[in-house]
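Okay, run_1.csv is below, CSV, C-alpha atoms:
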```csv
chain,number,residue,atom,x,y,z
A,30,MET,CA,76.0,-53.5,-82.0
A,31,ARG,CA,74.3,-55.8,-79.5
A,32,ASP,CA,73.1,-54.4,-76.2
A,33,TRP,CA,74.4,-57.0,-73.8
A,34,ASN,CA,73.4,-55.0,-70.8
A,35,ALA,CA,69.7,-55.0,-71.9
A,36,HIS,CA,70.1,-58.7,-72.7
A,37,ALA,CA,71.3,-59.4,-69.1
A,38,LEU,CA,68.7,-57.1,-67.5
A,39,ALA,CA,65.9,-58.9,-69.4
A,40,HIS,CA,67.1,-62.3,-68.1
A,41,LEU,CA,67.4,-61.0,-64.5
A,42,SER,CA,63.7,-59.9,-64.4
A,43,SER,CA,62.8,-62.7,-62.0
A,44,LEU,CA,65.6,-61.9,-59.5
A,45,ARG,CA,64.3,-60.6,-56.2
A,46,VAL,CA,66.8,-57.9,-55.4
A,47,ALA,CA,66.7,-54.1,-55.1
A,48,PRO,CA,66.4,-52.4,-58.6
A,49,ALA,CA,69.7,-50.6,-58.1
A,50,ARG,CA,71.5,-53.9,-57.3
A,51,LYS,CA,69.8,-55.5,-60.3
A,52,GLY,CA,71.0,-52.7,-62.6
A,53,GLU,CA,74.5,-53.2,-61.2
A,54,LEU,CA,74.4,-57.0,-61.8
A,55,ALA,CA,73.1,-56.5,-65.3
A,56,LEU,CA,76.0,-54.1,-66.0
A,57,GLU,CA,78.5,-56.6,-64.8
A,58,LEU,CA,77.0,-59.7,-66.5
A,59,GLY,CA,76.4,-57.6,-69.7
A,60,ALA,CA,80.0,-56.6,-69.7
A,61,HIS,CA,81.1,-60.2,-69.3
A,62,LEU,CA,78.9,-61.2,-72.3
A,63,GLU,CA,80.1,-58.2,-74.3
A,64,ASP,CA,83.8,-59.1,-73.7
A,65,CYS,CA,83.0,-62.8,-74.6
A,66,TYR,CA,81.3,-61.8,-77.8
A,67,ALA,CA,84.1,-59.4,-78.8
A,68,ASP,CA,86.7,-62.0,-78.0
A,69,LEU,CA,85.0,-64.6,-80.1
A,70,ARG,CA,84.6,-62.2,-83.0
A,71,SER,CA,88.3,-61.2,-82.7
A,72,ARG,CA,89.2,-64.8,-83.1
A,73,GLY,CA,87.4,-64.9,-86.4
A,74,MET,CA,84.1,-66.5,-85.4
A,75,PRO,CA,81.1,-65.5,-87.6
A,76,GLU,CA,78.7,-63.0,-86.0
A,77,GLU,CA,75.7,-65.4,-85.6
A,78,GLN,CA,77.9,-68.2,-84.2
A,79,ALA,CA,79.6,-65.8,-81.8
A,80,TYR,CA,76.2,-64.7,-80.6
A,81,LEU,CA,75.0,-68.2,-80.0
A,82,GLU,CA,78.3,-69.1,-78.3
A,83,THR,CA,78.0,-66.1,-76.0
A,84,CYS,CA,74.4,-66.9,-75.1
A,85,ALA,CA,75.6,-70.4,-74.2
A,86,GLN,CA,78.3,-68.9,-72.0
A,87,ALA,CA,75.6,-67.4,-69.8
A,88,GLY,CA,74.3,-70.9,-68.9
A,89,ASN,CA,71.0,-71.3,-67.2
A,90,TRP,CA,69.6,-67.8,-66.3
A,91,ARG,CA,67.1,-69.2,-63.9
A,92,GLU,CA,69.8,-71.0,-62.0
A,93,LEU,CA,71.9,-67.9,-62.1
A,94,CYS,CA,69.1,-65.8,-60.5
A,95,ASP,CA,68.5,-68.5,-57.8
A,96,GLU,CA,72.2,-68.7,-57.0
A,97,ILE,CA,72.6,-64.9,-56.9
A,98,PHE,CA,69.6,-64.6,-54.6
A,99,ALA,CA,70.9,-67.4,-52.4
A,100,SER,CA,74.3,-65.7,-52.2
A,101,THR,CA,72.7,-62.5,-51.0
A,102,LYS,CA,70.9,-64.4,-48.3
A,103,GLU,CA,74.0,-66.3,-47.1
A,104,VAL,CA,75.0,-65.1,-43.6
A,105,THR,CA,78.6,-65.5,-42.8
A,106,MET,CA,80.2,-65.7,-39.4
A,107,LEU,CA,81.5,-62.2,-39.9
A,108,ASP,CA,77.9,-61.0,-40.6
A,109,ARG,CA,76.7,-62.6,-37.4
A,110,ILE,CA,79.4,-60.9,-35.4
A,111,LYS,CA,78.6,-57.5,-36.9
A,112,GLN,CA,74.8,-57.9,-36.9
A,113,ILE,CA,74.4,-59.6,-33.5
A,114,TRP,CA,77.4,-59.8,-31.3
A,115,VAL,CA,78.8,-56.3,-31.7
A,116,PRO,CA,75.5,-54.5,-31.0
A,117,ALA,CA,74.7,-57.0,-28.3
A,118,ALA,CA,78.0,-56.2,-26.5
A,119,VAL,CA,77.3,-52.5,-26.9
A,120,THR,CA,73.8,-52.8,-25.5
A,121,PHE,CA,75.0,-55.0,-22.6
A,122,VAL,CA,77.9,-52.6,-21.6
A,123,PHE,CA,75.8,-49.4,-21.9
A,124,ALA,CA,72.7,-50.8,-20.2
A,125,TYR,CA,74.6,-52.0,-17.2
A,126,ALA,CA,77.0,-49.1,-17.1
A,127,ALA,CA,73.9,-46.8,-17.0
A,128,LEU,CA,72.4,-49.0,-14.2
A,129,MET,CA,75.6,-48.9,-12.2
A,130,CYS,CA,75.8,-45.1,-12.6
A,131,LEU,CA,72.2,-44.7,-11.4
A,132,GLU,CA,72.9,-47.1,-8.5
A,133,VAL,CA,76.0,-45.0,-7.5
A,134,TYR,CA,74.5,-41.6,-7.9
A,135,MET,CA,70.8,-42.2,-7.0
A,136,ASN,CA,69.0,-43.5,-4.0
A,137,ARG,CA,69.6,-47.2,-4.0
A,138,GLY,CA,66.4,-49.3,-4.0
A,139,TYR,CA,65.8,-52.7,-5.5
A,140,LEU,CA,62.4,-53.4,-6.9
A,141,THR,CA,62.0,-56.9,-5.6
A,142,HIS,CA,58.4,-56.7,-4.5
A,143,THR,CA,55.3,-54.7,-5.4
A,144,SER,CA,54.9,-53.5,-1.8
A,145,LYS,CA,58.1,-51.3,-2.3
A,146,PRO,CA,56.9,-48.6,-4.7
A,147,ARG,CA,60.0,-46.5,-4.1
A,148,GLY,CA,61.8,-49.0,-6.2
A,149,LEU,CA,60.1,-47.5,-9.2
A,150,ALA,CA,62.0,-44.2,-8.5
A,151,PHE,CA,65.2,-46.1,-9.1
A,152,PHE,CA,64.0,-47.9,-12.2
A,153,LEU,CA,62.4,-45.1,-14.0
A,154,PRO,CA,65.6,-43.2,-15.1
A,155,TRP,CA,67.0,-46.5,-16.2
A,156,PHE,CA,63.9,-47.4,-18.2
A,157,LEU,CA,64.0,-43.9,-19.7
A,158,LEU,CA,67.6,-44.6,-20.9
A,159,LEU,CA,66.9,-48.1,-22.3
A,160,PRO,CA,65.1,-47.1,-25.5
A,161,PHE,CA,68.1,-45.0,-26.6
A,162,ILE,CA,70.4,-47.9,-25.9
A,163,GLY,CA,68.1,-50.2,-27.8
A,164,ALA,CA,68.0,-47.7,-30.7
A,165,ALA,CA,71.8,-47.5,-30.8
A,166,SER,CA,71.9,-51.3,-30.9
A,167,GLY,CA,69.3,-51.3,-33.7
A,168,TYR,CA,71.4,-48.8,-35.6
A,169,ILE,CA,74.6,-50.8,-35.4
A,170,SER,CA,72.9,-54.0,-36.3
A,171,ARG,CA,71.0,-52.5,-39.3
A,172,HIS,CA,74.1,-50.6,-40.4
A,173,ALA,CA,75.7,-54.1,-40.8
A,174,LYS,CA,72.7,-55.1,-42.9
A,175,GLY,CA,71.1,-57.0,-40.0
A,176,GLU,CA,67.3,-57.5,-40.1
A,177,GLY,CA,64.4,-59.2,-38.3
A,178,TRP,CA,65.2,-61.3,-35.3
A,179,ARG,CA,68.9,-60.5,-35.4
A,180,VAL,CA,68.3,-56.8,-34.6
A,181,TYR,CA,66.0,-57.7,-31.7
A,182,LEU,CA,68.2,-60.4,-30.3
A,183,ALA,CA,71.1,-57.9,-30.2
A,184,ALA,CA,68.9,-55.2,-28.6
A,185,SER,CA,67.4,-57.5,-25.9
A,186,PHE,CA,70.7,-59.2,-25.2
A,187,PRO,CA,71.2,-57.7,-21.6
A,188,ALA,CA,67.7,-58.8,-20.7
A,189,LEU,CA,68.3,-62.3,-22.0
A,190,VAL,CA,71.5,-62.6,-20.0
A,191,ILE,CA,69.8,-61.5,-16.8
A,192,ALA,CA,66.8,-63.8,-17.5
A,193,GLY,CA,69.3,-66.7,-17.9
A,194,VAL,CA,71.1,-65.8,-14.7
A,195,PHE,CA,67.8,-65.5,-12.8
A,196,LEU,CA,66.5,-68.8,-14.1
A,197,ALA,CA,69.8,-70.6,-13.2
A,198,TYR,CA,69.7,-68.9,-9.8
A,199,TYR,CA,66.1,-70.0,-9.2
A,200,VAL,CA,66.7,-73.6,-10.2
A,201,LEU,CA,69.7,-73.7,-7.9
A,202,PHE,CA,67.8,-72.3,-5.0
A,203,VAL,CA,64.8,-74.5,-5.5
A,204,ALA,CA,67.2,-77.4,-5.6
A,205,ALA,CA,68.8,-76.2,-2.4
A,206,GLY,CA,65.5,-75.9,-0.6
A,207,PRO,CA,62.1,-74.3,-1.3
A,208,GLN,CA,62.0,-72.5,2.1
A,209,ARG,CA,64.4,-69.9,0.8
A,210,PRO,CA,62.7,-66.5,0.2
A,211,VAL,CA,64.0,-66.1,-3.3
A,212,ALA,CA,62.5,-69.4,-4.3
A,213,ASN,CA,59.0,-67.9,-3.7
A,214,PRO,CA,57.5,-68.1,-7.3
A,215,ALA,CA,55.6,-64.8,-7.0
A,216,ALA,CA,58.7,-62.9,-5.9
A,217,PHE,CA,60.8,-64.6,-8.6
A,218,ALA,CA,58.2,-63.8,-11.3
A,219,TRP,CA,58.2,-60.1,-10.2
A,220,MET,CA,62.0,-59.9,-10.3
A,221,LEU,CA,62.1,-61.6,-13.7
A,222,PHE,CA,59.5,-59.2,-15.0
A,223,ALA,CA,61.2,-56.1,-13.5
A,224,TRP,CA,64.8,-57.0,-14.4
A,225,ALA,CA,64.5,-59.0,-17.6
A,226,ILE,CA,61.1,-58.9,-19.4
A,227,LEU,CA,60.3,-55.2,-19.0
A,228,PRO,CA,63.9,-53.9,-19.9
A,229,GLY,CA,63.9,-56.4,-22.8
A,230,VAL,CA,60.6,-55.0,-24.2
A,231,ILE,CA,61.8,-51.4,-23.7
A,232,LEU,CA,65.2,-52.2,-25.4
A,233,CYS,CA,63.4,-53.8,-28.3
A,234,SER,CA,60.9,-51.0,-28.7
A,235,GLY,CA,63.9,-48.6,-28.9
A,236,ALA,CA,65.3,-50.8,-31.7
A,237,ALA,CA,61.9,-50.9,-33.5
A,238,LEU,CA,61.5,-47.2,-33.3
A,239,GLN,CA,65.0,-46.7,-34.7
A,240,GLY,CA,64.0,-49.0,-37.6
A,241,LEU,CA,60.8,-47.0,-38.3
A,242,LEU,CA,62.7,-43.7,-38.2
A,243,ALA,CA,65.4,-45.0,-40.5
A,244,LYS,CA,62.7,-46.2,-42.9
A,245,ARG,CA,60.9,-42.9,-42.8
A,246,THR,CA,64.2,-41.0,-43.4
A,247,ASN,CA,65.0,-43.3,-46.4
A,248,ILE,CA,61.6,-42.7,-47.9
A,249,ALA,CA,61.9,-38.9,-47.4
B,15,MET,CA,85.6,-82.2,-70.3
B,16,ILE,CA,85.2,-82.3,-66.5
B,17,ARG,CA,81.7,-82.8,-65.2
B,18,THR,CA,79.9,-79.8,-63.6
B,19,GLU,CA,79.7,-81.4,-60.1
B,20,LEU,CA,83.4,-82.0,-60.0
B,21,LYS,CA,84.2,-78.5,-61.3
B,22,ARG,CA,82.0,-76.9,-58.7
B,23,GLY,CA,84.1,-78.3,-55.9
B,24,THR,CA,87.3,-76.9,-57.4
B,25,ALA,CA,86.0,-73.5,-58.3
B,26,GLU,CA,86.9,-71.6,-55.1
B,27,LEU,CA,90.5,-72.8,-55.3
B,28,THR,CA,90.7,-72.0,-59.0
B,29,ILE,CA,89.4,-68.5,-58.6
B,30,LEU,CA,91.6,-67.7,-55.6
B,31,SER,CA,94.7,-69.1,-57.5
B,32,ILE,CA,93.9,-67.0,-60.6
B,33,LEU,CA,93.5,-63.8,-58.6
B,34,GLU,CA,96.8,-64.5,-56.7
B,35,ASN,CA,98.6,-62.8,-59.6
B,36,GLY,CA,96.5,-59.6,-59.6
B,37,PRO,CA,93.0,-58.2,-60.0
B,38,LEU,CA,90.9,-59.4,-62.9
B,39,HIS,CA,87.3,-58.8,-64.0
B,40,GLY,CA,84.8,-61.6,-64.5
B,41,TYR,CA,85.5,-62.4,-68.1
B,42,GLU,CA,89.2,-62.3,-67.6
B,43,ILE,CA,88.9,-64.7,-64.7
B,44,SER,CA,86.9,-67.3,-66.7
B,45,ARG,CA,89.2,-66.9,-69.7
B,46,GLN,CA,92.3,-67.3,-67.6
B,47,ILE,CA,90.9,-70.5,-66.0
B,48,GLU,CA,90.0,-71.8,-69.4
B,49,LEU,CA,93.4,-71.1,-70.9
B,50,LYS,CA,95.4,-72.4,-67.9
B,51,SER,CA,93.4,-75.6,-67.7
B,52,GLY,CA,93.8,-76.2,-71.4
B,53,GLY,CA,90.0,-75.8,-71.9
B,54,ALA,CA,89.2,-78.5,-69.3
B,55,LEU,CA,87.6,-76.0,-66.9
B,56,ARG,CA,85.0,-73.6,-68.3
B,57,TYR,CA,82.7,-71.7,-66.0
B,58,THR,CA,79.4,-70.2,-67.3
B,59,LEU,CA,78.0,-67.0,-65.8
B,60,ALA,CA,75.7,-69.1,-63.7
B,61,ALA,CA,78.6,-70.9,-62.1
B,62,LEU,CA,81.1,-68.1,-61.8
B,63,TYR,CA,79.2,-65.0,-60.6
B,64,PRO,CA,77.2,-66.4,-57.6
B,65,LEU,CA,80.5,-67.9,-56.4
B,66,LEU,CA,82.3,-64.5,-56.8
B,67,TYR,CA,79.6,-62.8,-54.8
B,68,ARG,CA,79.8,-65.5,-52.1
B,69,MET,CA,83.5,-65.1,-51.9
B,70,GLU,CA,83.2,-61.4,-51.8
B,71,LYS,CA,80.7,-61.7,-48.9
B,72,ARG,CA,83.2,-63.8,-47.0
B,73,GLN,CA,85.7,-61.1,-47.6
B,74,TRP,CA,88.0,-63.3,-49.6
B,75,LEU,CA,87.8,-61.0,-52.6
B,76,ARG,CA,86.8,-57.4,-53.2
B,77,GLY,CA,85.0,-56.3,-56.4
B,78,GLU,CA,85.6,-52.7,-57.5
B,79,TRP,CA,84.2,-50.8,-60.4
B,80,GLY,CA,86.7,-49.1,-62.7
B,81,THR,CA,87.2,-48.2,-66.3
B,82,GLY,CA,88.6,-50.7,-68.7
B,83,PRO,CA,91.1,-50.0,-71.5
B,84,ASN,CA,88.2,-49.5,-73.9
B,85,GLY,CA,86.7,-46.8,-71.6
B,86,LYS,CA,83.9,-49.1,-70.5
B,87,ARG,CA,83.0,-49.8,-66.8
B,88,ARG,CA,84.2,-53.1,-65.5
B,89,ARG,CA,84.1,-54.7,-62.1
B,90,SER,CA,87.4,-56.2,-61.2
B,91,TYR,CA,88.1,-58.6,-58.3
B,92,ARG,CA,91.1,-58.4,-56.0
B,93,LEU,CA,92.2,-61.0,-53.6
B,94,LEU,CA,92.0,-59.9,-50.0
B,95,PRO,CA,94.3,-61.2,-47.2
B,96,ARG,CA,91.5,-63.4,-45.9
B,97,GLY,CA,91.3,-65.1,-49.3
B,98,ARG,CA,95.1,-65.4,-49.6
B,99,LYS,CA,95.1,-67.1,-46.2
B,100,MET,CA,92.6,-69.6,-47.5
B,101,LEU,CA,94.8,-70.7,-50.4
B,102,LYS,CA,97.4,-72.7,-48.4
B,103,PRO,CA,94.9,-75.0,-46.5
B,104,MET,CA,92.8,-75.4,-49.7
B,105,ARG,CA,95.8,-76.5,-51.7
B,106,ALA,CA,96.8,-78.9,-48.9
B,107,GLU,CA,93.3,-80.3,-48.8
B,108,TRP,CA,93.2,-80.9,-52.6
B,109,ALA,CA,96.7,-82.5,-52.5
B,110,ASP,CA,95.5,-84.9,-49.8
B,111,LEU,CA,92.5,-85.7,-51.8
B,112,PHE,CA,94.6,-86.4,-55.0
B,113,SER,CA,97.1,-88.5,-53.1
B,114,ALA,CA,94.2,-90.5,-51.6
B,115,LEU,CA,92.6,-91.0,-55.0
B,116,ARG,CA,96.0,-92.0,-56.4
B,117,ARG,CA,96.3,-94.7,-53.8
B,118,VAL,CA,92.6,-95.9,-54.0
B,119,ALA,CA,91.6,-95.4,-57.6
B,120,GLY,CA,94.9,-95.2,-59.4
B,121,VAL,CA,94.0,-91.8,-61.0
B,122,SER,CA,97.6,-91.1,-62.0
B,123,ARG,CA,97.5,-94.1,-64.3
B,124,ALA,CA,94.5,-92.9,-66.3
```
Just dump the structure as structure tokens.
Amino acid sequence: MRDWNAHALAHLSSLRVAPARKGELALELGAHLEDCYADLRSRGMPEEQAYLETCAQAGNWRELCDEIFASTKEVTMLDRIKQIWVPAAVTFVFAYAALMCLEVYMNRGYLTHTSKPRGLAFFLPWFLLLPFIGAASGYISRHAKGEGWRVYLAASFPALVIAGVFLAYYVLFVAAGPQRPVANPAAFAWMLFAWAILPGVILCSGAALQGLLAKRTNIA
Amino acid sequence: MIRTELKRGTAELTILSILENGPLHGYEISRQIELKSGGALRYTLAALYPLLYRMEKRQWLRGEWGTGPNGKRRRSYRLLPRGRKMLKPMRAEWADLFSALRRVAGVSRA
């Protein structure tokens, strides 16, 4: 009795996937070869010829490994939605809902200039909430098998949107006339930092922390 | 025998059509294709499985482990609504291609 599972596993040694996945693949491909061999034997083919025919059925194992690896890396539109756009929407909604709540229930104060330190009192609670929102985004993205830049793009999405709005606003005001106060480059840079860059970094650090914790939990 | 490059283009439609009649495992899929095509279409493991995994990822199919009649574990593939929806436009596309080839290259006279 030939062990087709072991045969498949030996040929999959160069495949770069998790060992559990490799075992599952070997089981499936081994079952295919076993069925093929049994079928050929049942049709009266001699043992040695059936073995050779079954081996030929496998085709090129190197090509098979490469193609399987490529298929695991293929990112479909559905993957993109689940890994980027769903967590991005969640981050966006929660980040700005939190900001709106703070604006309604706390003393209103925009941090538009460094000479207004009370602005920090407004931002601090929001900044304290952002890592949790970033972590939630990281969890949703990673749960959908998202990794690398996709996780961070989703987490920093609200910051990217606001940065885009600011840049468009600045370009329009500069075009309208440089004497407008908002066209002051220093004030603009500070607004960009306070509203987009810093929140973006905090959101991403929340997502990064969630990734570290998830990794540690998996190891444990 | 049909060349590999030609077969590759037809594989998605062939697999979806075979699974339209019910779930099958990998070997059954390849055997059914071979039988129904009169031996003209034969897929090796290297051609069949990566495609099945791709189609599964696109949610055209779902692979599920179960126990076969001989008590052994087998992974069978079932057509999902998304895959079923792909069949009609794929068939129309191939019909267009064949009618174009008939006009240009006279393939029906071969």
Identify all chain B residues at most 7 Å from chain A by counting all atoms listed in the file; ligands do not count. Present them as JSON, numbers by chain. {"B": [40, 41, 58, 59, 60, 64, 67, 68, 72, 88, 89]}
Just the number, please: distance in Å from CA of Glu77 in chain A to CA of Gly82 in chain B, one decimal.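 Pair CA of Glu77 in chain A / CA of Gly82 in chain B returns 25.8 Å.
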Can you tell me how far CA of Phe123 in chain A sits from CA of Gly177 in chain A, in Å to one decimal? 22.2 Å
So how far away is CA of Trp74 in chain B from CA of Ala165 in chain A, in Å?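 These two atoms are separated by 29.4 Å.
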Pick out the residues sitting within 10 Å of range 30-33 of chain B, and hand them over as a PyMOL selection string; count all atoms listed in the file, and ignore anything fewer than 3 positions along from it in its own chain. chain B and resi 25-27+36-39+42-44+46-47+50+66+69+74-75+91-94+97-98+100-101+104-105
Store the residues picked out above, limited to C-alpha atoms, as an mmCIF file, keeping the file's coordinate frame.
```
data_model
loop_
_atom_site.group_PDB
_atom_site.id
_atom_site.type_symbol
_atom_site.label_atom_id
_atom_site.label_comp_id
_atom_site.auth_asym_id
_atom_site.auth_seq_id
_atom_site.Cartn_x
_atom_site.Cartn_y
_atom_site.Cartn_z
ATOM 1 C CA ALA B 25 86.000 -73.500 -58.300
ATOM 2 C CA GLU B 26 86.900 -71.600 -55.100
ATOM 3 C CA LEU B 27 90.500 -72.800 -55.300
ATOM 4 C CA GLY B 36 96.500 -59.600 -59.600
ATOM 5 C CA PRO B 37 93.000 -58.200 -60.000
ATOM 6 C CA LEU B 38 90.900 -59.400 -62.900
ATOM 7 C CA HIS B 39 87.300 -58.800 -64.000
ATOM 8 C CA GLU B 42 89.200 -62.300 -67.600
ATOM 9 C CA ILE B 43 88.900 -64.700 -64.700
ATOM 10 C CA SER B 44 86.900 -67.300 -66.700
ATOM 11 C CA GLN B 46 92.300 -67.300 -67.600
ATOM 12 C CA ILE B 47 90.900 -70.500 -66.000
ATOM 13 C CA LYS B 50 95.400 -72.400 -67.900
ATOM 14 C CA LEU B 66 82.300 -64.500 -56.800
ATOM 15 C CA MET B 69 83.500 -65.100 -51.900
ATOM 16 C CA TRP B 74 88.000 -63.300 -49.600
ATOM 17 C CA LEU B 75 87.800 -61.000 -52.600
ATOM 18 C CA TYR B 91 88.100 -58.600 -58.300
ATOM 19 C CA ARG B 92 91.100 -58.400 -56.000
ATOM 20 C CA LEU B 93 92.200 -61.000 -53.600
ATOM 21 C CA LEU B 94 92.000 -59.900 -50.000
ATOM 22 C CA GLY B 97 91.300 -65.100 -49.300
ATOM 23 C CA ARG B 98 95.100 -65.400 -49.600
ATOM 24 C CA MET B 100 92.600 -69.600 -47.500
ATOM 25 C CA LEU B 101 94.800 -70.700 -50.400
ATOM 26 C CA MET B 104 92.800 -75.400 -49.700
ATOM 27 C CA ARG B 105 95.800 -76.500 -51.700
#
```
Would you list the contacts of Leu227 in chain A as a VMD selection string, taking every protein, DNA or RNA residue within 10 Å and counting only C-alpha atoms, but skipping same-chain residues closer than 5 positions in sequence? chain A and resid 156 188 221 to 222 232 to 233
Compute the distance from (69.8, -51.4, -22.8) to each atom, counting only C-alpha atoms, keep the residues with any atom at most 9 Å away, and return them as an NGL selection string; use the coordinates of the file. :A and (119-125 or 127 or 155-156 or 158-164 or 166 or 184-188 or 228-229 or 231-233 or 235)
Would you please work out which residue, of B:Asp110, B:Ala61, B:Leu115, B:Ser90, is nearest to Arg76 in chain B when using all atoms listed in the file?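 Among the listed residues, the smallest separation from Arg76 in chain B belongs to B:Ser90.
Among the candidate residues A:Pro154, A:Lys51, A:Ile110, A:Ala223, the one lying nearest to Cys130 in chain A is A:Pro154, with distances computed using all atoms listed in the file.
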